[in-house]
$ cat input_20.tsv   # TSV, C-alpha atoms
chain	number	residue	atom	x	y	z
A	8	MET	CA	128.55	57.96	173.84
A	9	THR	CA	129.42	56.85	177.34
A	10	LEU	CA	125.86	57.74	178.38
A	11	VAL	CA	124.43	55.42	175.72
A	12	LEU	CA	126.72	52.58	176.77
A	13	VAL	CA	125.81	53.05	180.44
A	14	PHE	CA	122.09	52.90	179.69
A	15	SER	CA	122.36	49.85	177.45
A	16	GLY	CA	124.53	48.14	180.07
A	17	LEU	CA	121.94	48.82	182.77
A	18	LEU	CA	119.12	47.54	180.57
A	19	PHE	CA	121.13	44.43	179.72
A	20	ALA	CA	121.68	43.75	183.43
A	21	ILE	CA	117.94	44.16	184.13
A	22	GLY	CA	117.12	41.77	181.30
A	23	THR	CA	119.66	39.27	182.61
A	24	TYR	CA	118.08	39.40	186.04
A	25	GLY	CA	114.66	38.79	184.49
A	26	VAL	CA	115.86	35.84	182.42
A	27	LEU	CA	117.51	34.26	185.45
A	28	THR	CA	114.75	34.73	187.99
A	29	ARG	CA	111.34	34.67	186.28
A	30	ARG	CA	109.49	31.40	185.99
A	31	ASN	CA	106.54	32.41	183.86
A	32	ALA	CA	107.30	31.80	180.18
A	33	ILE	CA	105.73	35.08	179.02
A	34	THR	CA	107.79	37.21	181.41
A	35	LEU	CA	110.87	35.26	180.34
A	36	LEU	CA	110.10	36.27	176.76
A	37	ILE	CA	109.70	39.91	177.85
A	38	SER	CA	113.11	39.75	179.56
A	39	VAL	CA	114.74	38.40	176.41
A	40	GLU	CA	113.16	41.23	174.42
A	41	ILE	CA	114.65	43.73	176.90
A	42	LEU	CA	118.07	42.18	176.25
A	43	MET	CA	117.61	42.49	172.47
A	44	ASN	CA	116.56	46.13	172.83
A	45	ALA	CA	119.72	46.90	174.80
A	46	ALA	CA	121.75	45.39	171.96
A	47	ASN	CA	119.80	47.34	169.33
A	48	LEU	CA	120.48	50.59	171.23
A	49	ASN	CA	124.20	49.88	170.95
A	50	PHE	CA	123.93	49.09	167.23
A	51	VAL	CA	122.25	52.43	166.54
A	52	ALA	CA	124.71	54.34	168.74
A	53	PHE	CA	127.79	52.77	167.19
A	54	SER	CA	126.51	53.42	163.68
A	55	ARG	CA	127.12	57.12	164.46
A	56	LEU	CA	130.77	56.42	165.27
A	57	TRP	CA	131.97	54.15	162.50
A	58	GLU	CA	131.05	55.00	158.91
A	59	PRO	CA	127.92	56.98	159.81
A	60	GLU	CA	127.35	57.70	156.12
A	61	LEU	CA	126.70	53.97	155.51
A	62	MET	CA	124.30	53.53	158.48
A	63	THR	CA	125.21	49.87	158.82
A	64	GLY	CA	124.28	49.93	162.50
A	65	GLN	CA	120.76	51.10	161.71
A	66	VAL	CA	120.39	48.27	159.20
A	67	PHE	CA	121.57	45.89	161.92
A	68	ALA	CA	119.00	47.32	164.34
A	69	LEU	CA	116.21	46.83	161.79
A	70	VAL	CA	117.33	43.24	161.24
A	71	GLY	CA	117.43	42.74	165.01
A	72	ILE	CA	113.88	44.09	165.40
A	73	SER	CA	112.65	41.69	162.70
A	74	ILE	CA	114.39	38.72	164.35
A	75	ALA	CA	112.88	39.72	167.71
A	76	ALA	CA	109.41	39.79	166.14
A	77	CYS	CA	109.96	36.29	164.67
A	78	GLU	CA	111.19	35.06	168.01
A	79	ALA	CA	108.16	36.50	169.79
A	80	ALA	CA	105.77	34.85	167.31
A	81	VAL	CA	107.36	31.42	167.58
A	82	GLY	CA	107.87	31.74	171.33
A	83	LEU	CA	104.25	32.68	171.98
A	84	ALA	CA	103.04	29.85	169.73
A	85	LEU	CA	105.16	27.45	171.79
A	86	ILE	CA	103.78	28.95	175.02
A	87	LEU	CA	100.21	28.42	173.80
A	88	ALA	CA	100.92	24.83	172.74
A	89	ILE	CA	102.56	24.11	176.09
A	90	PHE	CA	99.68	25.70	177.97
A	91	ARG	CA	97.17	23.55	176.11
A	92	ARG	CA	99.07	20.43	177.05
A	93	PHE	CA	100.18	21.18	180.59
A	94	GLY	CA	97.73	23.83	181.75
A	95	THR	CA	100.52	26.08	182.99
A	96	THR	CA	103.11	28.53	181.65
A	97	ASP	CA	105.43	28.07	184.63
A	98	VAL	CA	108.68	26.80	183.12
A	99	GLY	CA	109.65	25.18	186.42
A	100	ARG	CA	106.67	22.85	186.29
A	101	ILE	CA	107.03	21.71	182.70
A	102	ASP	CA	109.15	18.59	183.08
A	103	PHE	CA	108.05	16.69	180.00
A	104	LEU	CA	111.64	15.81	179.05
A	105	ARG	CA	112.73	14.79	182.53
A	106	GLY	CA	114.10	11.24	182.46
B	6	MET	CA	127.17	61.84	169.35
B	7	LEU	CA	124.67	63.85	171.30
B	8	ASP	CA	125.27	67.32	170.00
B	9	SER	CA	123.57	69.70	172.42
B	10	ASP	CA	122.68	69.78	176.09
B	11	VAL	CA	119.00	69.48	175.20
B	12	GLN	CA	119.66	66.23	173.36
B	13	ILE	CA	121.67	64.84	176.26
B	14	ALA	CA	118.92	65.77	178.72
B	15	LEU	CA	116.22	64.23	176.52
B	16	PHE	CA	118.28	61.09	176.01
B	17	ALA	CA	118.85	60.74	179.75
B	18	ALA	CA	115.14	61.31	180.43
B	19	PHE	CA	114.12	58.60	177.94
B	20	GLY	CA	116.82	56.37	179.40
B	21	GLY	CA	115.50	56.90	182.91
B	22	ILE	CA	111.98	56.00	181.77
B	23	ALA	CA	113.35	52.93	179.99
B	24	VAL	CA	115.30	51.72	183.04
B	25	ILE	CA	112.36	52.26	185.42
B	26	ALA	CA	109.91	50.57	183.03
B	27	ALA	CA	112.28	47.64	182.45
B	28	LEU	CA	112.72	47.23	186.22
B	29	ALA	CA	108.94	47.28	186.65
B	30	ALA	CA	108.48	44.73	183.84
B	31	VAL	CA	111.04	42.39	185.37
B	32	LEU	CA	110.12	42.80	189.03
B	33	THR	CA	106.33	42.95	189.14
B	34	ARG	CA	104.49	39.77	189.94
B	35	TYR	CA	101.41	40.52	187.88
B	36	LEU	CA	101.63	39.61	184.22
B	37	LEU	CA	99.46	42.43	182.85
B	38	ARG	CA	101.51	45.08	184.70
B	39	SER	CA	104.65	43.51	183.30
B	40	ILE	CA	103.31	43.76	179.74
B	41	VAL	CA	102.22	47.41	180.17
B	42	ALA	CA	105.62	48.32	181.61
B	43	PHE	CA	107.24	46.52	178.68
B	44	GLY	CA	105.23	48.70	176.29
B	45	ALA	CA	106.41	51.84	178.10
B	46	PHE	CA	109.99	50.55	177.94
B	47	LEU	CA	109.77	50.00	174.16
B	48	THR	CA	108.34	53.48	173.62
B	49	ALA	CA	111.17	55.04	175.64
B	50	ILE	CA	113.73	53.10	173.59
B	51	ALA	CA	112.05	54.42	170.42
B	52	GLY	CA	112.56	57.94	171.79
B	53	GLN	CA	116.24	57.20	172.34
B	54	PHE	CA	116.54	55.92	168.76
B	55	TYR	CA	114.98	59.15	167.52
B	56	ILE	CA	117.47	61.28	169.43
B	57	LEU	CA	120.32	59.17	168.03
B	58	ALA	CA	119.23	60.27	164.51
B	59	ALA	CA	117.64	56.91	163.71
B	60	ASP	CA	114.12	58.15	163.04
B	61	PHE	CA	113.13	55.26	160.78
B	62	VAL	CA	114.33	52.71	163.33
B	63	ALA	CA	112.29	54.54	165.99
B	64	LEU	CA	109.20	54.34	163.76
B	65	ILE	CA	109.70	50.63	163.10
B	66	GLN	CA	110.26	50.08	166.83
B	67	ILE	CA	106.82	51.60	167.52
B	68	PHE	CA	105.12	49.74	164.66
B	69	VAL	CA	106.63	46.29	165.13
B	70	TYR	CA	107.20	46.21	168.89
B	71	VAL	CA	104.53	48.36	170.49
B	72	GLY	CA	101.95	47.63	167.81
B	73	GLY	CA	102.87	44.02	167.09
B	74	VAL	CA	104.80	42.18	169.75
B	75	VAL	CA	103.01	43.74	172.73
B	76	VAL	CA	99.60	42.95	171.22
B	77	LEU	CA	100.78	39.41	170.50
B	78	ILE	CA	101.89	38.99	174.11
B	79	LEU	CA	98.54	40.37	175.29
B	80	PHE	CA	96.76	37.75	173.16
B	81	ALA	CA	98.98	35.03	174.62
B	82	LEU	CA	98.07	36.32	178.09
B	83	MET	CA	94.36	36.20	177.30
B	84	LEU	CA	94.59	32.67	175.92
B	85	SER	CA	96.89	31.18	178.53
B	86	ALA	CA	96.30	32.85	181.90
B	87	VAL	CA	92.68	31.83	182.24
B	88	GLY	CA	91.50	32.39	185.78
B	89	GLN	CA	95.02	33.16	186.97
B	90	LYS	CA	94.50	35.87	189.56
B	91	HIS	CA	97.20	35.06	192.08
B	92	PRO	CA	100.68	36.60	191.74
B	93	LEU	CA	103.19	34.80	189.57
B	94	ALA	CA	105.74	32.49	191.09
B	95	VAL	CA	109.34	33.66	190.96
B	96	SER	CA	112.42	31.51	191.07
B	97	GLU	CA	113.97	30.58	194.39
B	98	HIS	CA	117.39	31.55	193.02
B	99	ARG	CA	116.69	35.29	193.11
B	100	GLY	CA	119.83	36.09	195.12
B	101	LEU	CA	122.06	34.30	192.64
B	102	GLY	CA	120.29	36.00	189.74
B	103	ALA	CA	120.82	39.39	191.34
B	104	VAL	CA	124.52	38.67	191.85
B	105	VAL	CA	124.97	37.67	188.20
B	106	ALA	CA	122.96	40.69	187.01
B	107	TYR	CA	125.04	43.04	189.21
B	108	ALA	CA	128.22	41.50	187.84
B	109	VAL	CA	127.09	41.80	184.21
B	110	GLY	CA	125.78	45.34	184.68
B	111	GLY	CA	128.81	46.47	186.65
B	112	TRP	CA	131.18	45.08	184.09
B	113	LEU	CA	129.30	46.67	181.16
B	114	VAL	CA	129.06	50.08	182.87
B	115	TRP	CA	132.73	49.88	183.86
B	116	ALA	CA	133.65	49.02	180.28
B	117	ALA	CA	131.66	52.02	179.03
B	118	PHE	CA	134.05	54.45	180.71
B	119	GLY	CA	137.56	55.14	179.56
B	120	GLN	CA	137.11	53.91	176.01
B	121	ASP	CA	138.96	55.75	173.29
B	122	LEU	CA	136.09	56.18	170.87
B	123	PRO	CA	136.17	58.11	167.59
B	124	LYS	CA	134.17	61.28	167.14
B	125	ALA	CA	130.58	60.90	166.09
B	126	GLY	CA	129.86	61.73	162.47
B	127	GLN	CA	126.81	63.03	160.67
B	128	VAL	CA	124.26	60.63	159.26
B	129	PRO	CA	122.63	61.37	155.92
B	130	GLY	CA	119.65	63.67	156.25
B	131	GLU	CA	117.15	61.40	154.52
B	132	THR	CA	117.43	58.18	156.50
B	133	VAL	CA	114.37	56.46	155.00
B	134	ALA	CA	115.44	56.78	151.38
B	135	PHE	CA	119.01	55.88	152.29
B	136	LEU	CA	117.98	52.78	154.26
B	137	GLY	CA	115.72	51.67	151.43
B	138	ARG	CA	118.59	51.89	148.98
B	139	ALA	CA	120.99	50.22	151.43
B	140	PHE	CA	118.65	47.26	151.94
B	141	LEU	CA	118.44	46.66	148.20
B	142	ASP	CA	122.11	47.31	147.51
B	143	GLN	CA	124.91	46.58	149.99
B	144	GLN	CA	122.69	44.84	152.55
B	145	LEU	CA	120.70	42.74	150.09
B	146	VAL	CA	121.79	39.46	151.73
B	147	ALA	CA	120.52	40.62	155.13
B	148	PHE	CA	117.22	41.67	153.53
B	149	GLU	CA	116.70	38.30	151.85
B	150	VAL	CA	117.70	36.39	155.00
B	151	ILE	CA	115.12	38.36	157.03
B	152	GLY	CA	112.50	37.41	154.47
B	153	ILE	CA	113.32	33.71	154.75
B	154	ILE	CA	113.42	33.86	158.56
B	155	LEU	CA	110.05	35.65	158.70
B	156	LEU	CA	108.49	33.06	156.41
B	157	ALA	CA	109.93	30.20	158.45
B	158	ALA	CA	108.74	31.82	161.69
B	159	VAL	CA	105.19	32.31	160.41
B	160	VAL	CA	104.95	28.73	159.14
B	161	ALA	CA	106.48	27.41	162.36
B	162	ALA	CA	104.07	29.42	164.54
B	163	LEU	CA	101.09	28.13	162.55
B	164	VAL	CA	102.25	24.52	162.72
B	165	ILE	CA	102.98	24.72	166.46
B	166	VAL	CA	99.67	26.37	167.34
B	167	ARG	CA	97.63	23.98	165.17
B	168	GLY	CA	99.41	21.29	167.14
B	169	GLU	CA	97.53	18.04	166.65
B	170	ARG	CA	100.46	15.91	167.57
B	171	LEU	CA	102.53	18.09	169.90
$ encode --input "input_20.tsv" --output "structure tokens"
Amino acid sequence: MTLVLVFSGLLFAIGTYGVLTRRNAITLLISVEILMNAANLNFVAFSRLWEPELMTGQVFALVGISIAACEAAVGLALILAIFRRFGTTDVGRIDFLRG
Amino acid sequence: MLDSDVQIALFAAFGGIAVIAALAAVLTRYLLRSIVAFGAFLTAIAGQFYILAADFVALIQIFVYVGGVVVLILFALMLSAVGQKHPLAVSEHRGLGAVVAYAVGGWLVWAAFGQDLPKAGQVPGETVAFLGRAFLDQQLVAFEVIGIILLAAVVAALVIVRGERL
């Protein structure tokens, strides 16, 4: 179990680094997906520990995968719309809302 | 949890691939390499799911993520990075990001040790049939909420991409 937690912690840290340092919107989305996968790994692992006969953690992981797919669809649609308007996917250069 | 030495070794191997691929996806400055590394990362995570006796989740991970999300991201790359050959810009706050990531990772790994966790139990043999029944029985609310969220996401994506007035 400790092994699982160590790996998901490492992956979460990598995803955090990506979210904090990337400026391209698509790589930001990839970093967020890495974070969600680290969380899903923990859901599946913990479903073996508490009430494994109910498999609630696996249900949670499936729900998480669906939500991640929704998020990717909406996020990529937003990226395309922003690219059409601004000609870039660099989140540092999109300052439409700057006062 | 992991019953035999073979399982532990396989899990660690998949985990190593996942960590290396995630690092590559986050650190490379070329978008296509990042997407390919992300696909490798997702496949390695699917392998870990399989070893953790979640075979259906592993299958869905391959179908939805590797087959769906990665292809979607590739399409977004094709439509948005026209003529973009130079490396991607990265934030000037990389040092700060690394410090925060080290802190988060260190804390999570530290918290993983020394926990008094219960013993791992056995999951039902037929996970697919069991999950199907669970989704239509105890977890019905979650199932319906996913349906509504998926519908909303599809409609939202269509409206945003059509975008006459955005």
$ closest_atom_pairs --input "input_20.tsv" --of "chain B" --to "chain A" --cutoff "7 Å" --atoms "all atoms listed in the file" --output "Markdown table"
| residue | atom | partner | partner_atom | distance |
| --- | --- | --- | --- | --- |
| B:Met6 | CA | A:Met8 | CA | 6.1 |
| B:Gly20 | CA | A:Phe14 | CA | 6.3 |
| B:Val24 | CA | A:Leu18 | CA | 6.2 |
| B:Ala27 | CA | A:Ile21 | CA | 6.9 |
| B:Leu28 | CA | A:Ile21 | CA | 6.4 |
| B:Val31 | CA | A:Gly25 | CA | 5.2 |
| B:Leu57 | CA | A:Ala52 | CA | 6.6 |
| B:Ala59 | CA | A:Gln65 | CA | 6.9 |
| B:Val62 | CA | A:Leu69 | CA | 6.4 |
| B:Val74 | CA | A:Ala76 | CA | 6.3 |
| B:Ala81 | CA | A:Leu83 | CA | 6.3 |
| B:Ser85 | CA | A:Phe90 | CA | 6.2 |
| B:Ala94 | CA | A:Arg30 | CA | 6.4 |
| B:Val95 | CA | A:Arg29 | CA | 5.2 |
| B:Ser96 | CA | A:Thr28 | CA | 5.0 |
| B:His98 | CA | A:Thr28 | CA | 6.5 |
| B:Arg99 | CA | A:Thr28 | CA | 5.5 |
| B:Gly102 | CA | A:Leu27 | CA | 5.4 |
| B:Ala103 | CA | A:Tyr24 | CA | 6.0 |
| B:Ala106 | CA | A:Ala20 | CA | 4.9 |
| B:Tyr107 | CA | A:Ala20 | CA | 6.7 |
| B:Val109 | CA | A:Ala20 | CA | 5.8 |
| B:Gly110 | CA | A:Ala20 | CA | 4.6 |
| B:Leu113 | CA | A:Gly16 | CA | 5.1 |
| B:Val114 | CA | A:Val13 | CA | 5.0 |
| B:Ala117 | CA | A:Leu12 | CA | 5.5 |
| B:Phe118 | CA | A:Thr9 | CA | 6.2 |
| B:Pro123 | CA | A:Leu56 | CA | 6.1 |
| B:Lys124 | CA | A:Leu56 | CA | 6.2 |
| B:Ala125 | CA | A:Leu56 | CA | 4.6 |
| B:Gly126 | CA | A:Arg55 | CA | 5.7 |
| B:Gln127 | CA | A:Pro59 | CA | 6.2 |
| B:Val128 | CA | A:Pro59 | CA | 5.2 |
| B:Pro129 | CA | A:Glu60 | CA | 6.0 |
| B:Ile151 | CA | A:Val70 | CA | 6.8 |
| B:Leu155 | CA | A:Cys77 | CA | 6.0 |
| B:Ala158 | CA | A:Cys77 | CA | 5.5 |
| B:Ala161 | CA | A:Val81 | CA | 6.6 |
| B:Ala162 | CA | A:Val81 | CA | 4.9 |
| B:Ile165 | CA | A:Ala84 | CA | 6.1 |
| B:Val166 | CA | A:Ala84 | CA | 5.4 |
| B:Gly168 | CA | A:Ala88 | CA | 6.8 |
$ atom_distance --input "input_20.tsv" --atom1 "atom CA of B:Ala134" --atom2 "atom CA of B:Val69"
19.4 Å
$ axis_aligned_box --input "input_20.tsv" --around "stretch 9-18 of chain B" --padding-each-side "6 Å" --output "lines of an AutoDock Vina configuration file"
center_x = 119.4
center_y = 65.3
center_z = 176.4
size_x = 20.4
size_y = 21.0
size_z = 20.0
$ atom_distance --input "input_20.tsv" --atom1 "atom CA of B:Leu93" --atom2 "atom CA of A:Phe93"
16.6 Å
$ atom_distance --input "input_20.tsv" --atom1 "atom CA of B:Leu122" --atom2 "atom CA of B:Gln144"
25.4 Å
$ residues_around --input "input_20.tsv" --residues "B:Tyr55" --least-positions-apart "3" --cutoff "12 Å" --atoms "only C-alpha atoms" --output "list in words"
Leu48, Val51, Ala52 and Gln65 of chain A; Leu7, Gln12, Leu15, Phe16, Phe19, Thr48, Ala49, Ile50, Ala51, Gly52, Ala58, Ala59, Asp60, Phe61, Val62, Ala63, Leu64, Ile65, Gln66, Ile67 and Thr132 of chain B
$ decode --input "input_20.tsv" --residues "stretch 10-51 of chain B" --atoms "N, CA and C atoms" --output "compact mmCIF listing (two decimals), in the first residue's frame"
# COMPACT_ATOMS: atom_id res chain seq x y z
N ASP B 10 5.53 -11.20 -4.77
CA ASP B 10 6.68 -10.39 -5.17
C ASP B 10 6.59 -9.99 -6.64
N VAL B 11 6.03 -10.90 -7.46
CA VAL B 11 5.90 -10.59 -8.88
C VAL B 11 5.01 -9.38 -9.07
N GLN B 12 3.90 -9.35 -8.31
CA GLN B 12 2.97 -8.22 -8.44
C GLN B 12 3.64 -6.93 -8.00
N ILE B 13 4.41 -7.00 -6.91
CA ILE B 13 5.07 -5.78 -6.44
C ILE B 13 6.06 -5.29 -7.49
N ALA B 14 6.82 -6.25 -8.06
CA ALA B 14 7.81 -5.85 -9.07
C ALA B 14 7.13 -5.24 -10.29
N LEU B 15 6.03 -5.87 -10.74
CA LEU B 15 5.32 -5.34 -11.90
C LEU B 15 4.75 -3.95 -11.61
N PHE B 16 4.18 -3.82 -10.39
CA PHE B 16 3.60 -2.53 -10.03
C PHE B 16 4.67 -1.44 -10.01
N ALA B 17 5.84 -1.79 -9.43
CA ALA B 17 6.93 -0.80 -9.39
C ALA B 17 7.43 -0.47 -10.78
N ALA B 18 7.46 -1.49 -11.67
CA ALA B 18 7.92 -1.23 -13.04
C ALA B 18 6.96 -0.28 -13.75
N PHE B 19 5.65 -0.57 -13.65
CA PHE B 19 4.67 0.33 -14.26
C PHE B 19 4.76 1.72 -13.64
N GLY B 20 4.97 1.74 -12.32
CA GLY B 20 5.08 3.05 -11.65
C GLY B 20 6.29 3.82 -12.15
N GLY B 21 7.41 3.11 -12.34
CA GLY B 21 8.60 3.79 -12.86
C GLY B 21 8.34 4.37 -14.24
N ILE B 22 7.69 3.56 -15.10
CA ILE B 22 7.36 4.07 -16.45
C ILE B 22 6.46 5.29 -16.32
N ALA B 23 5.47 5.21 -15.42
CA ALA B 23 4.53 6.32 -15.29
C ALA B 23 5.24 7.58 -14.83
N VAL B 24 6.14 7.45 -13.84
CA VAL B 24 6.83 8.64 -13.33
C VAL B 24 7.72 9.25 -14.42
N ILE B 25 8.46 8.37 -15.13
CA ILE B 25 9.36 8.90 -16.18
C ILE B 25 8.54 9.58 -17.28
N ALA B 26 7.44 8.92 -17.70
CA ALA B 26 6.63 9.49 -18.77
C ALA B 26 5.98 10.80 -18.33
N ALA B 27 5.52 10.86 -17.05
CA ALA B 27 4.91 12.09 -16.57
C ALA B 27 5.95 13.22 -16.53
N LEU B 28 7.17 12.88 -16.07
CA LEU B 28 8.24 13.89 -16.07
C LEU B 28 8.51 14.38 -17.48
N ALA B 29 8.56 13.44 -18.44
CA ALA B 29 8.82 13.85 -19.82
C ALA B 29 7.70 14.74 -20.33
N ALA B 30 6.44 14.37 -20.01
CA ALA B 30 5.30 15.15 -20.49
C ALA B 30 5.33 16.56 -19.92
N VAL B 31 5.78 16.69 -18.67
CA VAL B 31 5.75 18.00 -18.02
C VAL B 31 6.96 18.84 -18.40
N LEU B 32 8.10 18.17 -18.66
CA LEU B 32 9.35 18.93 -18.83
C LEU B 32 9.69 19.25 -20.27
N THR B 33 9.24 18.43 -21.23
CA THR B 33 9.66 18.68 -22.61
C THR B 33 9.07 19.98 -23.13
N ARG B 34 9.79 20.58 -24.07
CA ARG B 34 9.32 21.85 -24.59
C ARG B 34 8.69 21.72 -25.96
N TYR B 35 8.48 20.50 -26.40
CA TYR B 35 7.81 20.27 -27.68
C TYR B 35 6.47 19.60 -27.41
N LEU B 36 5.41 20.18 -27.96
CA LEU B 36 4.06 19.77 -27.59
C LEU B 36 3.77 18.33 -27.99
N LEU B 37 4.23 17.92 -29.19
CA LEU B 37 3.92 16.56 -29.64
C LEU B 37 4.58 15.52 -28.74
N ARG B 38 5.83 15.80 -28.33
CA ARG B 38 6.52 14.87 -27.41
C ARG B 38 5.77 14.78 -26.10
N SER B 39 5.26 15.92 -25.65
CA SER B 39 4.51 15.94 -24.40
C SER B 39 3.27 15.05 -24.50
N ILE B 40 2.57 15.12 -25.65
CA ILE B 40 1.35 14.34 -25.81
C ILE B 40 1.68 12.85 -25.87
N VAL B 41 2.76 12.48 -26.60
CA VAL B 41 3.13 11.07 -26.69
C VAL B 41 3.52 10.53 -25.32
N ALA B 42 4.29 11.32 -24.56
CA ALA B 42 4.66 10.89 -23.21
C ALA B 42 3.43 10.75 -22.33
N PHE B 43 2.45 11.63 -22.53
CA PHE B 43 1.21 11.55 -21.76
C PHE B 43 0.48 10.24 -22.08
N GLY B 44 0.48 9.83 -23.36
CA GLY B 44 -0.13 8.55 -23.71
C GLY B 44 0.57 7.38 -23.03
N ALA B 45 1.91 7.42 -22.99
CA ALA B 45 2.66 6.35 -22.32
C ALA B 45 2.33 6.34 -20.83
N PHE B 46 2.23 7.53 -20.24
CA PHE B 46 1.88 7.64 -18.82
C PHE B 46 0.53 6.99 -18.54
N LEU B 47 -0.48 7.30 -19.38
CA LEU B 47 -1.82 6.75 -19.16
C LEU B 47 -1.81 5.24 -19.29
N THR B 48 -1.03 4.71 -20.26
CA THR B 48 -0.99 3.26 -20.41
C THR B 48 -0.35 2.60 -19.19
N ALA B 49 0.70 3.23 -18.66
CA ALA B 49 1.35 2.67 -17.46
C ALA B 49 0.39 2.69 -16.28
N ILE B 50 -0.40 3.76 -16.15
CA ILE B 50 -1.38 3.82 -15.06
C ILE B 50 -2.43 2.72 -15.23
N ALA B 51 -2.82 2.45 -16.50
CA ALA B 51 -3.77 1.36 -16.75
C ALA B 51 -3.18 0.03 -16.27
